[in-house]
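Novice: Sharing a structure with you now.
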Amino acid sequence: MNATNPRHDADRAGRTYRIGVVDNDAMTLMALRGLLESRLEPHGIAVAWAVRSGDEAVERCVDAAPRERPDLVLADMGMDDVDGAAVCRRIRAFSDRIVLLGMTSYSLNRYRGMARAAGAQALLDKADFAAMADVLRAWASGRPHVESGFMTPGEAHRALCGSGGRHVGEGDAVPGGEGLTAKEIEVMDRCIQGYTAREVAQQLGLTESTVKTHIRHAIAKLGVRNKLQAVQRWTALRGARPADGAGPTDGAGPAGIAGDRS
């Protein structure tokens with residue numbers, strides 16, 4: 001899906017196109033930054049920043065002055081502190097302009113549904129740098145590349161925040177989220193990766209009791225009886241499936257998920 005966007009007129013006139021990269025693997029981040037800088041700088045594309053923390057990536061988009069914000073963010077989908085889906089969702093709730101591209105070294109099917117639901121414009125294979133570079137050059141030159149089934153930044157922002165563009169708060173139901181609030185979605189996204197309530201609490205800076213409350217609310221809203229059924233239902237809604245290695249593997253069930261390990 002390609003669309004015209006007047007915002008890119010400045011890029012075609014010579015303005016540097018700024019991208020941010022977030023990946024918690026230090027070696028991968030260093031290698032990717034080097035490739036991007038060497039291959040894309042001649043095309044007027046600059047790596048504005050490369051960070052290992054999902055929270056820091058969000059801050060550099062949300063808290064920065066408008067001129068300091070990136071035009072595009074490349075986010076690894078499988079990070080430890082804050083996963084790529086949460087990073088994309090938080091940035092997209094704030095911005096209808098920043099382009100969000102997920103990336104992974106796993107099968108694209110593993111994260112495609114989560115990336116799409118989080119407001120990204122495409123999911124890229126880390127191993128195919130040539131294709132990644134093509135997509136980045138397309139965006140920078142005013143030829144937006146939106147993967148089939150995904151939405152433009154503006155469309156995704158409106159879908160996430162409602163037609164009025166209102167920011168979705170933690171207590172508000174997210175459109176298309178089966179009545180779950182933004183925080184309940186954030187918790188359930190981690191549950192389908194196999195994390196326990198204690199681990200989710202550590203990642204989100206919440207108490208374990210609060211996380212369990214969010215899970216109970218999600219169970220009720222999803223119309224299921226227990227956490228395992230909620231995980232299965234949420235996985236289906238997200239368009240992804242728990243895969244071996246997606247999270248801790250010390251429990252029963254897919255991706256280490258046990259029905260009573262909340």
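Every chain in the structure tokens takes a letter, A first, then B, and so on in the order presented; its residues are numbered from 1, and the ligands are numbered from 1 following the presented order.
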Range 30-121 of chain A: which residues are alpha helix (DSSP H) by DSSP, as JSON, numbers by chain?
Specialist: {"A": [30, 31, 32, 33, 34, 35, 36, 37, 38, 39, 40, 54, 55, 56, 57, 58, 59, 60, 61, 62, 84, 85, 86, 87, 88, 89, 90, 91, 92, 93, 94, 108, 109, 110, 111, 112, 113, 114, 115, 116, 117]}
Novice: For Ile19 in chain A, work out the shell of residues within 8 Å, counting only C-alpha atoms and skipping chain neighbours fewer than 3 positions away, then give it as an MDAnalysis selection string.
Specialist: chainID A and resid 45:49 70:74
Novice: What residues in range 20-241 of chain A get the DSSP label strand (DSSP E)? Please answer as a PyMOL selection string.
Specialist: chain A and resi 20-22+45-51+72-76+99-104+122-125
Novice: Go ahead and dump the residues you just picked, C-alpha atoms, as a short mmCIF file (atom, residue, chain, number, x, y, z; two decimals), in the first residue's frame.
Specialist:
data_model
loop_
_atom_site.label_atom_id
_atom_site.label_comp_id
_atom_site.auth_asym_id
_atom_site.auth_seq_id
_atom_site.Cartn_x
_atom_site.Cartn_y
_atom_site.Cartn_z
CA GLY A 20 15.67 5.95 15.73
CA VAL A 21 16.57 2.34 16.45
CA VAL A 22 15.78 0.31 19.57
CA ILE A 45 18.96 9.32 6.05
CA ALA A 46 20.62 9.69 9.46
CA VAL A 47 20.49 7.54 12.58
CA ALA A 48 19.39 10.09 15.17
CA TRP A 49 19.77 7.63 18.02
CA ALA A 50 20.17 3.94 18.77
CA VAL A 51 19.15 2.73 22.23
CA LEU A 72 10.82 6.79 11.78
CA VAL A 73 11.53 4.24 14.50
CA LEU A 74 12.83 0.70 13.99
CA ALA A 75 11.80 -1.41 16.99
CA ASP A 76 12.87 -4.95 17.80
CA VAL A 99 6.59 5.91 11.13
CA LEU A 100 6.91 2.68 13.16
CA LEU A 101 8.56 -0.42 11.74
CA GLY A 102 8.86 -3.61 13.76
CA MET A 103 11.76 -5.95 13.15
CA THR A 104 12.59 -9.48 14.24
CA ALA A 122 5.29 -2.99 8.59
CA LEU A 123 7.25 -5.85 10.12
CA LEU A 124 10.74 -6.43 8.74
CA ASP A 125 13.16 -9.35 8.76
#
Novice: Nearest to Ile91 in chain A among A:Ala117, A:Met151, A:Cys61, A:Met188, with distances taken over only C-alpha atoms: which residue is it?
Specialist: A:Cys61
Novice: So what do you get for CA of Ala182 in chain A versus CA of Ala86 in chain A, distance-wise?
Specialist: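 Here the two named atoms are 9.9 Å from each other.
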Novice: Kindly indicate which residue among A:Lys126, A:Arg116, A:Arg15, A:Arg158 lies nearest to Phe94 in chain A, using only C-alpha atoms for the distances.
Specialist: A:Arg158
Novice: Just the residues within 9 Å of range 202-213 of chain A, please, counting only C-alpha atoms, with nothing from its chain fewer than 6 positions along; format it as a VMD selection string.
Specialist: chain A and resid 80 to 82 184 186 to 187 262
Novice: Would you compute the distance between CA of Val200 in chain A and CA of Ala230 in chain A? Give it in Å to one decimal.
Specialist: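 For CA of Val200 in chain A relative to CA of Ala230 in chain A, the distance reads 15.7 Å.
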Novice: CA of Gly154 in chain A to CA of Trp139 in chain A: how many Å, to one decimal?
Specialist: 14.5 Å
Novice: What lies within 12 Å of Asp134 in chain A using only C-alpha atoms, ignoring chain neighbours under 3 positions off, as a list in words?
Specialist: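 With the cut-off at 12 Å, the set is Leu36, Arg39, Leu40, His43, Ile45, Leu124, Asp128, Phe129, Ala130, Ala131, Arg137, Ala138, Trp139, Ala140, Ser141, Arg143, Pro144 and His145 of chain A.
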Novice: May I ask which of the residues A:Ser53, A:Gly113, A:Val224, A:Gly179 is the closest one to Glu147 in chain A, counting only C-alpha atoms?
Specialist: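 Once distances to Glu147 in chain A are computed over only C-alpha atoms, the minimum belongs to A:Gly113.
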